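Student: Here's a structure for you.
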Amino acid sequence: MVDQELAMYENVNQKFNQLPPDYPEGLLPAIQKEFLESKKTIVVLDDDPTGTQTCYDVMVLTSWDVSLIAAELRQKPSILYILTNSRSLPESEAIDLALEIGQNLKQAAEESQRAVVVVSRSDSTLRGHFPAEVDAVAGALDLAGAVTVLVPAFIEGGRYTIGDVHYIVENEEMVPVSDTPFAKDVSFGYRHANLKQWVKEKSKGRIKASEVNSVSVEDLRAGGPKVAAEKLEACANGSVCIMNAATYRDLEVGVLGLIMAERSGKKFLYRTSATFVPIRAGMVSGKLYVPQKEDAASSHGSLVVVGSHVPKTTSQLAYLLKQGKQQNLEVDVSQLLRPQDLSGEAKAISAKVDVWLAAGDDVVIHTSRRLETGADAESSLKINALVSGFLVAIVQGISVRPKFIVAKGGITSSDLASKGLSVQKATVLGPVIPGVPVWKLQGESKFPGLIYVVFPGNVGDEKALALVCEKFGGG
């Protein structure tokens with residue numbers, strides 16, 4: 001965060017009071033009717049597992065075999081997530097992966113005879129491979145002429161787009177996202193919160209700011225779906241359009257406008273945050289999951305694994321550890337960077353964790369808080385991968401089934417699920433607190449039926465991590 005004495009931000013209520021009132025009519029029933037009649041499945045290509053944070057009763061796949069995707073599509077779900085974890089990869093590898101998954105999805109849709117709507121879900125704080133990843137998906141799915149609709153508003157997390165500027169609410173203030181730590185990300189940093197300028201920046205000038213279209217909050221609230229549809233239909237093929245939004249209702253209006261524009265023959269590809277996904281299907285976004293007694297019916301302890309380094313995570317970890325209720329084990333990242341065989345160290349930690357879990361002790365494993373970075377974005381991603389691989393080795397070596405697992409951070413939660421726990425499929429039960437999804441692991445995983453909490457690094461207040469553990473009977 002920039003120095004608060006050097007920057008003055010608008011109060012969130014003052015900013016919202018300057019806007020026209022919400023569109024007067026709730027549109028979810030109309031959206032759901034249109035969506036069901038279309039007989040399509042929304043397939044979400046999620047660049048890390050936190051994108052499931054607004055949905056409930058949907059399936060997430062961590063593998064993209066054609067047969068696996070086709071089998072799910074034959075069930076005719078409204079929404080299907082495919083976890084790509086591409087945010088952990090260098091751009092060239094992310095492009096190759098997007099092409100592979102896009103081609104597999106195209107084949108699976110043909111085999112299952114199920115039409116799909118494709119959403120590239122990414123970070124509400126604008127970190128990720130844009131536009132490279134979206135362009136690759138468009139190429140694989142024969143959508144080269146589609147309009148890319150950019151919708152980063154994440155209502156549950158206090159991320160809003162107004163006047164084409166993307167904001168994060170911190171301490172009741174509207175902070176342009178370019179003034180936050182997320183903009184300084186070593187792999188995905190940026191300078192602009194104005195999304196037209198951001199698109200120009202991220203496309204390295206290939207897309208001019210003046211060529212980026214937008215649908216404003218005023219368009220949505222005063223004009224409704226009809227004006228939104230007209231604006232979207234007017235977008236040049238292959239262009240980018242920003243969808244501003246500050247409420248769920250704004251997104252409902254925008255989605256119905258998109259559906260109307262699609263009906264006229266316009267093609268769209270979506271790059272969005274998590275809030276957009278359920279609304280596109282006419283579902284309530286962010287419906288909370290209430291933990292059940294059977295979710296954590298075990299005499300064993302729980303396991304929390306923290307890999308994320310963002311300041312929000314560090315403060316949440318400090319608060320959790322201050323309660324003094326868990327066994328605490330720190331992984332020194334600087335030690336991992338020295339040339340050595342780490343397998344013995346990982347096995348020793350796994351054995352220690354097994355003893356604690358079997359005794360009913362709750363356990364927290366976390367990386368050291370000093371951020372280790374490389375000389376450039378790619379080398380920094382390699383450091384992330386090394387650290388994540390060590391955490392994976394620890395979880396692979398654990399033999400005692402924890403009461404539940406909380407994984408903190410996008411790369412951490414993805415790698416622990418797919419590699420550490422051998423998850424291919426999981427049911428998303430819903431968010432336990434806003435923005436924090438709960439998965440139930442399916443049969444082929446290491447611990448079938450286990451509750452697995454995917455906790456994004458950038459969500460929640462200081463007490464949120466402790467609260468989630470408490471809700472499932474840990475800590």
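Within each chain, counting starts at residue 1; across the structure tokens, chains are named A, B, ... in the order shown, with ligands numbered 1 upward in that order.
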At most 12 Å is the cut-off: for each residue in segment 138-168 of chain A with any atom that close to an atom of segment 248-260 of chain A, write down the nearest atom pair and the distance in Å rounded to one decimal, counting only C-alpha atoms, chain first then increasing number, as JSON lines.
Tutor:
{"residue": "A:Val147", "atom": "CA", "partner": "A:Leu258", "partner_atom": "CA", "distance": 10.8}
{"residue": "A:Thr148", "atom": "CA", "partner": "A:Leu258", "partner_atom": "CA", "distance": 11.6}
{"residue": "A:Val149", "atom": "CA", "partner": "A:Leu258", "partner_atom": "CA", "distance": 9.4}
{"residue": "A:Leu150", "atom": "CA", "partner": "A:Gly254", "partner_atom": "CA", "distance": 11.5}
{"residue": "A:Val151", "atom": "CA", "partner": "A:Leu251", "partner_atom": "CA", "distance": 8.9}
{"residue": "A:Pro152", "atom": "CA", "partner": "A:Leu251", "partner_atom": "CA", "distance": 10.9}
{"residue": "A:Ala153", "atom": "CA", "partner": "A:Leu251", "partner_atom": "CA", "distance": 8.8}
{"residue": "A:Phe154", "atom": "CA", "partner": "A:Tyr248", "partner_atom": "CA", "distance": 9.2}
{"residue": "A:Ile155", "atom": "CA", "partner": "A:Tyr248", "partner_atom": "CA", "distance": 6.9}
{"residue": "A:Glu156", "atom": "CA", "partner": "A:Tyr248", "partner_atom": "CA", "distance": 9.3}
{"residue": "A:Gly158", "atom": "CA", "partner": "A:Tyr248", "partner_atom": "CA", "distance": 11.6}
{"residue": "A:Arg159", "atom": "CA", "partner": "A:Tyr248", "partner_atom": "CA", "distance": 11.8}
{"residue": "A:Tyr160", "atom": "CA", "partner": "A:Tyr248", "partner_atom": "CA", "distance": 10.5}
{"residue": "A:Thr161", "atom": "CA", "partner": "A:Asp250", "partner_atom": "CA", "distance": 10.5}
{"residue": "A:Ile162", "atom": "CA", "partner": "A:Asp250", "partner_atom": "CA", "distance": 10.9}
Student: Write out, as an mmCIF file, in the first residue's frame, the residues just selected, with C-alpha atoms.
Tutor:
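For reference, again.cif as written:
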data_model
loop_
_atom_site.group_PDB
_atom_site.id
_atom_site.type_symbol
_atom_site.label_atom_id
_atom_site.label_comp_id
_atom_site.auth_asym_id
_atom_site.auth_seq_id
_atom_site.Cartn_x
_atom_site.Cartn_y
_atom_site.Cartn_z
ATOM 1 C CA VAL A 147 -15.035 -9.779 -28.142
ATOM 2 C CA THR A 148 -13.085 -10.266 -24.910
ATOM 3 C CA VAL A 149 -15.244 -8.984 -22.056
ATOM 4 C CA LEU A 150 -13.115 -7.934 -19.088
ATOM 5 C CA VAL A 151 -15.018 -8.151 -15.760
ATOM 6 C CA PRO A 152 -12.627 -7.982 -12.763
ATOM 7 C CA ALA A 153 -15.260 -6.785 -10.252
ATOM 8 C CA PHE A 154 -15.324 -9.174 -7.282
ATOM 9 C CA ILE A 155 -18.185 -7.981 -5.119
ATOM 10 C CA GLU A 156 -17.553 -10.402 -2.229
ATOM 11 C CA GLY A 158 -14.651 -5.410 -2.211
ATOM 12 C CA ARG A 159 -13.203 -5.043 -5.718
ATOM 13 C CA TYR A 160 -15.215 -2.650 -7.905
ATOM 14 C CA THR A 161 -14.810 -1.136 -11.380
ATOM 15 C CA ILE A 162 -16.181 2.405 -11.733
#
Student: Env of Leu126 of chain A: 9 Å cut, atoms = only C-alpha atoms, seq-sep filter 2 positions within chain, self excluded. Answer as a list in words.
Tutor: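 Everything that qualifies: Ser122, Asp123, Ser124, Gly128, Phe130, Pro152, Val177, Phe182, Ala183, Phe188, Gly189 and Tyr190 of chain A.
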Student: Write the residues of the selection above to a file with C-alpha atoms, as a short mmCIF file (atom, residue, chain, number, x, y, z; two decimals), in the first residue's frame.
Tutor:
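Done, and the output landed in selection25.cif:
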data_model
loop_
_atom_site.label_atom_id
_atom_site.label_comp_id
_atom_site.auth_asym_id
_atom_site.auth_seq_id
_atom_site.Cartn_x
_atom_site.Cartn_y
_atom_site.Cartn_z
CA SER A 122 -8.42 -14.87 -13.17
CA ASP A 123 -7.43 -12.65 -10.28
CA SER A 124 -9.62 -9.72 -9.19
CA GLY A 128 -2.29 -13.26 -14.52
CA PHE A 130 -3.48 -11.36 -20.02
CA PRO A 152 -12.63 -7.98 -12.76
CA VAL A 177 -5.56 -1.29 -7.57
CA PHE A 182 -0.73 -6.58 -5.82
CA ALA A 183 0.44 -4.13 -8.50
CA PHE A 188 2.52 -9.82 -12.80
CA GLY A 189 3.11 -6.23 -11.71
CA TYR A 190 1.50 -3.26 -13.50
#
Student: With a distance cut-off of 12 Å and only C-alpha atoms, select the neighbouring residues of Met59 of chain A, excluding the residue or stretch itself and same-chain residues fewer than 5 positions from it, and output the selection as a ChimeraX atom specification.
Tutor: /A:41-44,49,52,68-69,71-73,75-83,424-430,438-442
Student: Based on the selection just made, write N, CA and C atoms of those residues as an mmCIF file, in the first residue's frame.
Tutor:
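Output file again07.cif follows:
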data_model
loop_
_atom_site.group_PDB
_atom_site.id
_atom_site.type_symbol
_atom_site.label_atom_id
_atom_site.label_comp_id
_atom_site.auth_asym_id
_atom_site.auth_seq_id
_atom_site.Cartn_x
_atom_site.Cartn_y
_atom_site.Cartn_z
ATOM 1 N N THR A 41 -23.265 -25.344 -21.045
ATOM 2 C CA THR A 41 -22.520 -25.414 -19.791
ATOM 3 C C THR A 41 -21.473 -24.307 -19.796
ATOM 4 N N ILE A 42 -21.397 -23.557 -18.704
ATOM 5 C CA ILE A 42 -20.323 -22.581 -18.545
ATOM 6 C C ILE A 42 -19.089 -23.352 -18.089
ATOM 7 N N VAL A 43 -18.045 -23.361 -18.914
ATOM 8 C CA VAL A 43 -16.791 -24.024 -18.554
ATOM 9 C C VAL A 43 -15.801 -22.937 -18.152
ATOM 10 N N VAL A 44 -15.363 -22.998 -16.910
ATOM 11 C CA VAL A 44 -14.476 -21.986 -16.344
ATOM 12 C C VAL A 44 -13.055 -22.533 -16.348
ATOM 13 N N PRO A 49 -7.090 -22.165 -8.014
ATOM 14 C CA PRO A 49 -8.328 -22.775 -7.499
ATOM 15 C C PRO A 49 -9.237 -21.840 -6.727
ATOM 16 N N THR A 52 -13.238 -20.744 -7.542
ATOM 17 C CA THR A 52 -14.468 -21.444 -7.164
ATOM 18 C C THR A 52 -15.160 -20.770 -5.986
ATOM 19 N N LEU A 68 -12.405 -37.190 -19.510
ATOM 20 C CA LEU A 68 -12.868 -36.691 -18.214
ATOM 21 C C LEU A 68 -13.805 -35.496 -18.403
ATOM 22 N N ILE A 69 -13.410 -34.562 -19.264
ATOM 23 C CA ILE A 69 -14.262 -33.389 -19.526
ATOM 24 C C ILE A 69 -15.567 -33.816 -20.171
ATOM 25 N N ALA A 71 -17.116 -36.670 -20.003
ATOM 26 C CA ALA A 71 -17.986 -37.379 -19.050
ATOM 27 C C ALA A 71 -18.747 -36.385 -18.181
ATOM 28 N N GLU A 72 -18.075 -35.316 -17.759
ATOM 29 C CA GLU A 72 -18.761 -34.299 -16.946
ATOM 30 C C GLU A 72 -19.793 -33.533 -17.774
ATOM 31 N N LEU A 73 -19.438 -33.194 -19.005
ATOM 32 C CA LEU A 73 -20.371 -32.438 -19.851
ATOM 33 C C LEU A 73 -21.634 -33.253 -20.157
ATOM 34 N N GLN A 75 -23.210 -34.925 -18.142
ATOM 35 C CA GLN A 75 -24.118 -34.755 -17.005
ATOM 36 C C GLN A 75 -24.920 -33.451 -17.118
ATOM 37 N N LYS A 76 -24.591 -32.647 -18.129
ATOM 38 C CA LYS A 76 -25.285 -31.377 -18.417
ATOM 39 C C LYS A 76 -25.290 -30.414 -17.225
ATOM 40 N N PRO A 77 -24.116 -30.185 -16.630
ATOM 41 C CA PRO A 77 -24.069 -29.236 -15.513
ATOM 42 C C PRO A 77 -24.219 -27.807 -16.015
ATOM 43 N N SER A 78 -24.661 -26.918 -15.151
ATOM 44 C CA SER A 78 -24.696 -25.496 -15.517
ATOM 45 C C SER A 78 -23.287 -24.927 -15.576
ATOM 46 N N ILE A 79 -22.446 -25.346 -14.608
ATOM 47 C CA ILE A 79 -21.082 -24.809 -14.502
ATOM 48 C C ILE A 79 -20.110 -25.962 -14.270
ATOM 49 N N LEU A 80 -18.976 -25.914 -14.949
ATOM 50 C CA LEU A 80 -17.893 -26.875 -14.735
ATOM 51 C C LEU A 80 -16.577 -26.111 -14.679
ATOM 52 N N TYR A 81 -15.816 -26.317 -13.607
ATOM 53 C CA TYR A 81 -14.507 -25.682 -13.468
ATOM 54 C C TYR A 81 -13.406 -26.639 -13.907
ATOM 55 N N ILE A 82 -12.429 -26.098 -14.641
ATOM 56 C CA ILE A 82 -11.198 -26.830 -14.936
ATOM 57 C C ILE A 82 -10.051 -26.007 -14.368
ATOM 58 N N LEU A 83 -9.356 -26.569 -13.414
ATOM 59 C CA LEU A 83 -8.269 -25.860 -12.732
ATOM 60 C C LEU A 83 -6.992 -25.971 -13.559
ATOM 61 N N GLN A 424 -8.383 -35.442 -8.625
ATOM 62 C CA GLN A 424 -8.791 -35.237 -10.023
ATOM 63 C C GLN A 424 -10.116 -34.499 -10.092
ATOM 64 N N LYS A 425 -10.972 -34.788 -9.111
ATOM 65 C CA LYS A 425 -12.298 -34.166 -9.068
ATOM 66 C C LYS A 425 -12.642 -33.795 -7.634
ATOM 67 N N ALA A 426 -13.339 -32.673 -7.489
ATOM 68 C CA ALA A 426 -13.836 -32.277 -6.173
ATOM 69 C C ALA A 426 -15.161 -31.569 -6.353
ATOM 70 N N THR A 427 -16.025 -31.695 -5.346
ATOM 71 C CA THR A 427 -17.282 -30.963 -5.341
ATOM 72 C C THR A 427 -17.092 -29.667 -4.575
ATOM 73 N N VAL A 428 -17.476 -28.553 -5.199
ATOM 74 C CA VAL A 428 -17.411 -27.260 -4.522
ATOM 75 C C VAL A 428 -18.695 -27.106 -3.709
ATOM 76 N N LEU A 429 -18.565 -27.074 -2.377
ATOM 77 C CA LEU A 429 -19.739 -26.989 -1.501
ATOM 78 C C LEU A 429 -20.236 -25.549 -1.358
ATOM 79 N N GLY A 430 -19.315 -24.582 -1.513
ATOM 80 C CA GLY A 430 -19.667 -23.177 -1.365
ATOM 81 C C GLY A 430 -18.635 -22.477 -0.503
ATOM 82 N N VAL A 438 -14.998 -24.041 -0.153
ATOM 83 C CA VAL A 438 -14.794 -25.343 0.493
ATOM 84 C C VAL A 438 -15.019 -26.437 -0.539
ATOM 85 N N TRP A 439 -14.037 -27.326 -0.677
ATOM 86 C CA TRP A 439 -14.156 -28.468 -1.575
ATOM 87 C C TRP A 439 -14.332 -29.748 -0.747
ATOM 88 N N LYS A 440 -15.033 -30.707 -1.336
ATOM 89 C CA LYS A 440 -15.071 -32.077 -0.793
ATOM 90 C C LYS A 440 -14.407 -32.973 -1.820
ATOM 91 N N LEU A 441 -13.289 -33.608 -1.432
ATOM 92 C CA LEU A 441 -12.501 -34.371 -2.379
ATOM 93 C C LEU A 441 -13.214 -35.660 -2.774
ATOM 94 N N GLN A 442 -13.129 -35.990 -4.053
ATOM 95 C CA GLN A 442 -13.806 -37.176 -4.582
ATOM 96 C C GLN A 442 -12.925 -38.421 -4.445
#
Student: What's the 6 Å shell around segment 23-33 of chain A, counting only C-alpha atoms, without same-chain residues fewer than 3 positions away, as a tab-separated table (two decimals) with N, CA and C atoms, in the first residue's frame?
Tutor:
chain	number	residue	atom	x	y	z
A	36	LEU	N	-30.91	-21.70	-19.14
A	36	LEU	CA	-31.37	-23.10	-19.20
A	36	LEU	C	-31.90	-23.44	-20.58
A	221	ARG	N	-27.19	1.06	-15.08
A	221	ARG	CA	-28.25	1.44	-14.13
A	221	ARG	C	-29.35	2.28	-14.78
A	252	GLU	N	-25.81	-8.42	-13.03
A	252	GLU	CA	-27.01	-9.04	-13.60
A	252	GLU	C	-27.43	-8.32	-14.89
A	281	ALA	N	-24.94	-17.84	-15.05
A	281	ALA	CA	-25.87	-18.97	-15.09
A	281	ALA	C	-27.19	-18.67	-14.39
A	282	GLY	N	-27.36	-17.44	-13.90
A	282	GLY	CA	-28.60	-17.08	-13.20
A	282	GLY	C	-28.65	-17.58	-11.77
Student: Between atom CA of Ser239 of chain A and atom CA of Glu211 of chain A, what is the distance, to one decimal in Å?
Tutor: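 Rounded to one decimal, the two atoms are 7.4 Å apart.
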Student: To test your reading of the structure, identify every residue in segment 73-113 of chain A that backbone DSSP assigns to strand (DSSP E), and report it as a count of residues only.
Tutor: 5
Student: Can you tell me, as a VMD selection string, what residues are no more than 12 Å from Pro90 of chain A when counting only C-alpha atoms, ignoring any on the same chain fewer than 5 positions away?
Tutor: chain A and resid 85 95 to 97 128 to 129 132 to 133 187 to 188 376 to 385
Student: Residues of segment 215-399 of chain A classed as helix (DSSP H, G or I) by DSSP on the backbone are to be reported as an mmCIF file with C-alpha atoms, in the first residue's frame.
Tutor:
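Output saved as selection.cif:
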data_model
loop_
_atom_site.group_PDB
_atom_site.id
_atom_site.type_symbol
_atom_site.label_atom_id
_atom_site.label_comp_id
_atom_site.auth_asym_id
_atom_site.auth_seq_id
_atom_site.Cartn_x
_atom_site.Cartn_y
_atom_site.Cartn_z
ATOM 1 C CA VAL A 217 -22.133 1.716 -14.363
ATOM 2 C CA GLU A 218 -24.354 4.561 -15.615
ATOM 3 C CA ASP A 219 -25.155 2.555 -18.786
ATOM 4 C CA LEU A 220 -26.153 -0.435 -16.687
ATOM 5 C CA ARG A 221 -28.252 1.439 -14.130
ATOM 6 C CA ALA A 222 -29.977 4.014 -16.333
ATOM 7 C CA GLY A 223 -30.120 2.084 -19.591
ATOM 8 C CA GLY A 224 -30.570 -1.484 -18.362
ATOM 9 C CA PRO A 225 -29.900 -4.653 -20.389
ATOM 10 C CA LYS A 226 -31.006 -3.052 -23.676
ATOM 11 C CA VAL A 227 -28.343 -0.315 -23.579
ATOM 12 C CA ALA A 228 -25.732 -2.828 -22.375
ATOM 13 C CA ALA A 229 -26.593 -5.098 -25.331
ATOM 14 C CA GLU A 230 -26.362 -2.204 -27.793
ATOM 15 C CA LYS A 231 -22.939 -1.206 -26.475
ATOM 16 C CA LEU A 232 -21.693 -4.792 -26.658
ATOM 17 C CA GLU A 233 -23.048 -5.352 -30.162
ATOM 18 C CA TYR A 248 -24.414 -7.770 -7.992
ATOM 19 C CA ARG A 249 -27.285 -5.990 -9.769
ATOM 20 C CA ASP A 250 -24.830 -4.251 -12.121
ATOM 21 C CA LEU A 251 -23.494 -7.663 -13.126
ATOM 22 C CA GLU A 252 -27.012 -9.038 -13.603
ATOM 23 C CA VAL A 253 -27.818 -6.203 -16.012
ATOM 24 C CA GLY A 254 -24.522 -6.708 -17.829
ATOM 25 C CA VAL A 255 -25.036 -10.467 -18.137
ATOM 26 C CA LEU A 256 -28.556 -10.113 -19.541
ATOM 27 C CA GLY A 257 -27.157 -7.552 -21.999
ATOM 28 C CA LEU A 258 -24.486 -10.082 -23.012
ATOM 29 C CA ILE A 259 -27.097 -12.799 -23.534
ATOM 30 C CA MET A 260 -29.158 -10.438 -25.705
ATOM 31 C CA ALA A 261 -26.073 -9.485 -27.731
ATOM 32 C CA GLU A 262 -25.143 -13.171 -28.158
ATOM 33 C CA ARG A 263 -28.635 -13.819 -29.465
ATOM 34 C CA PHE A 276 -19.380 -13.126 -12.726
ATOM 35 C CA VAL A 277 -19.486 -16.925 -13.075
ATOM 36 C CA PRO A 278 -22.643 -17.919 -11.107
ATOM 37 C CA ILE A 279 -24.508 -14.802 -12.273
ATOM 38 C CA ARG A 280 -23.861 -15.829 -15.905
ATOM 39 C CA LYS A 293 -20.841 -31.934 12.019
ATOM 40 C CA GLU A 294 -19.842 -34.823 9.756
ATOM 41 C CA ASP A 295 -17.430 -32.587 7.789
ATOM 42 C CA ALA A 296 -14.771 -32.822 10.468
ATOM 43 C CA PRO A 311 0.690 -8.859 3.431
ATOM 44 C CA LYS A 312 -2.920 -9.874 4.099
ATOM 45 C CA THR A 313 -1.888 -13.517 4.499
ATOM 46 C CA THR A 314 1.027 -12.627 6.769
ATOM 47 C CA SER A 315 -1.231 -10.690 9.151
ATOM 48 C CA GLN A 316 -3.793 -13.540 9.159
ATOM 49 C CA LEU A 317 -1.076 -16.094 9.905
ATOM 50 C CA ALA A 318 0.308 -13.947 12.727
ATOM 51 C CA TYR A 319 -3.154 -13.661 14.289
ATOM 52 C CA LEU A 320 -3.744 -17.419 14.033
ATOM 53 C CA LEU A 321 -0.384 -18.277 15.602
ATOM 54 C CA LYS A 322 -0.910 -15.700 18.361
ATOM 55 C CA VAL A 333 12.622 -20.588 2.082
ATOM 56 C CA SER A 334 16.196 -19.259 1.960
ATOM 57 C CA GLN A 335 17.418 -22.740 3.011
ATOM 58 C CA LEU A 336 15.417 -24.385 0.209
ATOM 59 C CA SER A 343 13.531 -35.231 0.087
ATOM 60 C CA GLY A 344 14.944 -36.273 3.474
ATOM 61 C CA GLU A 345 13.929 -32.970 5.059
ATOM 62 C CA ALA A 346 10.399 -33.264 3.671
ATOM 63 C CA LYS A 347 10.066 -36.842 4.994
ATOM 64 C CA ALA A 348 11.218 -35.761 8.467
ATOM 65 C CA ILE A 349 8.594 -32.999 8.558
ATOM 66 C CA SER A 350 5.878 -35.403 7.327
ATOM 67 C CA ALA A 351 6.729 -37.860 10.116
ATOM 68 C CA LYS A 352 6.549 -35.087 12.729
ATOM 69 C CA VAL A 353 3.202 -33.880 11.362
ATOM 70 C CA ASP A 354 1.819 -37.441 11.429
ATOM 71 C CA VAL A 355 2.617 -37.710 15.149
ATOM 72 C CA TRP A 356 0.907 -34.416 15.902
ATOM 73 C CA LEU A 357 -2.189 -35.165 13.785
ATOM 74 C CA ALA A 358 -2.612 -38.640 15.317
ATOM 75 C CA ALA A 377 9.501 -12.694 -13.384
ATOM 76 C CA GLU A 378 10.364 -16.155 -14.721
ATOM 77 C CA SER A 379 13.030 -16.888 -12.110
ATOM 78 C CA SER A 380 10.662 -15.698 -9.379
ATOM 79 C CA LEU A 381 8.024 -18.141 -10.634
ATOM 80 C CA LYS A 382 10.672 -20.902 -10.487
ATOM 81 C CA ILE A 383 11.333 -20.063 -6.825
ATOM 82 C CA ASN A 384 7.572 -20.253 -6.173
ATOM 83 C CA ALA A 385 7.486 -23.659 -7.888
ATOM 84 C CA LEU A 386 10.422 -24.943 -5.799
ATOM 85 C CA VAL A 387 8.764 -23.863 -2.547
ATOM 86 C CA SER A 388 5.397 -25.267 -3.602
ATOM 87 C CA GLY A 389 7.089 -28.545 -4.581
ATOM 88 C CA PHE A 390 8.569 -28.846 -1.082
ATOM 89 C CA LEU A 391 5.159 -28.287 0.534
ATOM 90 C CA VAL A 392 3.706 -30.885 -1.851
ATOM 91 C CA ALA A 393 6.376 -33.415 -0.805
ATOM 92 C CA ILE A 394 5.450 -32.871 2.848
ATOM 93 C CA VAL A 395 1.742 -33.493 2.177
ATOM 94 C CA GLN A 396 2.523 -36.508 -0.023
ATOM 95 C CA GLY A 397 4.452 -37.994 2.906
#
Student: For Asp362 of chain A, work out the shell of residues within 9 Å, counting only C-alpha atoms and skipping chain neighbours fewer than 3 positions away, then give it as a PyMOL selection string.
Tutor: chain A and resi 300-304+325-328+356-357+402-403+474-475
Student: Okay, now the selection with C-alpha atoms, as a CSV table (one decimal), in the first residue's frame?
Tutor:
chain,number,residue,atom,x,y,z
A,300,HIS,CA,-7.2,-36.3,14.4
A,301,GLY,CA,-5.9,-32.7,14.3
A,302,SER,CA,-6.4,-30.3,11.3
A,303,LEU,CA,-3.7,-29.1,8.9
A,304,VAL,CA,-3.2,-25.6,7.7
A,325,LYS,CA,-3.5,-23.4,19.8
A,326,GLN,CA,-1.6,-25.1,17.0
A,327,GLN,CA,1.7,-26.9,16.6
A,328,ASN,CA,3.7,-24.5,14.4
A,356,TRP,CA,0.9,-34.4,15.9
A,357,LEU,CA,-2.2,-35.2,13.8
A,402,PRO,CA,-6.3,-34.7,8.9
A,403,LYS,CA,-9.6,-33.6,10.3
A,474,GLY,CA,-9.9,-26.7,14.5
A,475,GLY,CA,-7.7,-24.3,16.4
Student: Between A:Ala115, A:Val165, A:Leu269, A:Leu342, which one has atoms that come closest to His192 of chain A, using only C-alpha atoms?
Tutor: A:Val165
Student: Write out as a compact mmCIF listing (two decimals) with N, CA and C atoms, in the first residue's frame the residues lying within 10 Å of Asp142 of chain A, counting only C-alpha atoms and excluding same-chain residues fewer than 5 positions away.
Tutor:
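Full text of result12.txt as output:
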# COMPACT_ATOMS: atom_id res chain seq x y z
N GLY A 102 -7.83 -25.79 -24.43
CA GLY A 102 -8.84 -25.32 -25.37
C GLY A 102 -9.17 -26.37 -26.42
N GLN A 103 -8.14 -27.02 -26.95
CA GLN A 103 -8.36 -28.07 -27.96
C GLN A 103 -9.08 -29.27 -27.35
N LYS A 106 -12.72 -28.36 -26.79
CA LYS A 106 -13.46 -28.36 -28.06
C LYS A 106 -13.85 -29.78 -28.45
N VAL A 137 -6.67 -19.32 -25.85
CA VAL A 137 -7.96 -20.03 -25.74
C VAL A 137 -8.85 -19.70 -26.94
Student: Separation of atom CA of Thr367 of chain A and atom CA of Ser88 of chain A, in Å?
Tutor: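 These atoms are spaced 16.9 Å apart.
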Student: Quick one: distance from atom CA of Ser299 of chain A to atom CA of Leu450 of chain A in Å, one decimal?
Tutor: 13.8 Å
Student: Closest to Ala98 of chain A among A:Glu34, A:Asp164, A:Glu172, A:Asp135, using only C-alpha atoms?
Tutor: A:Asp135
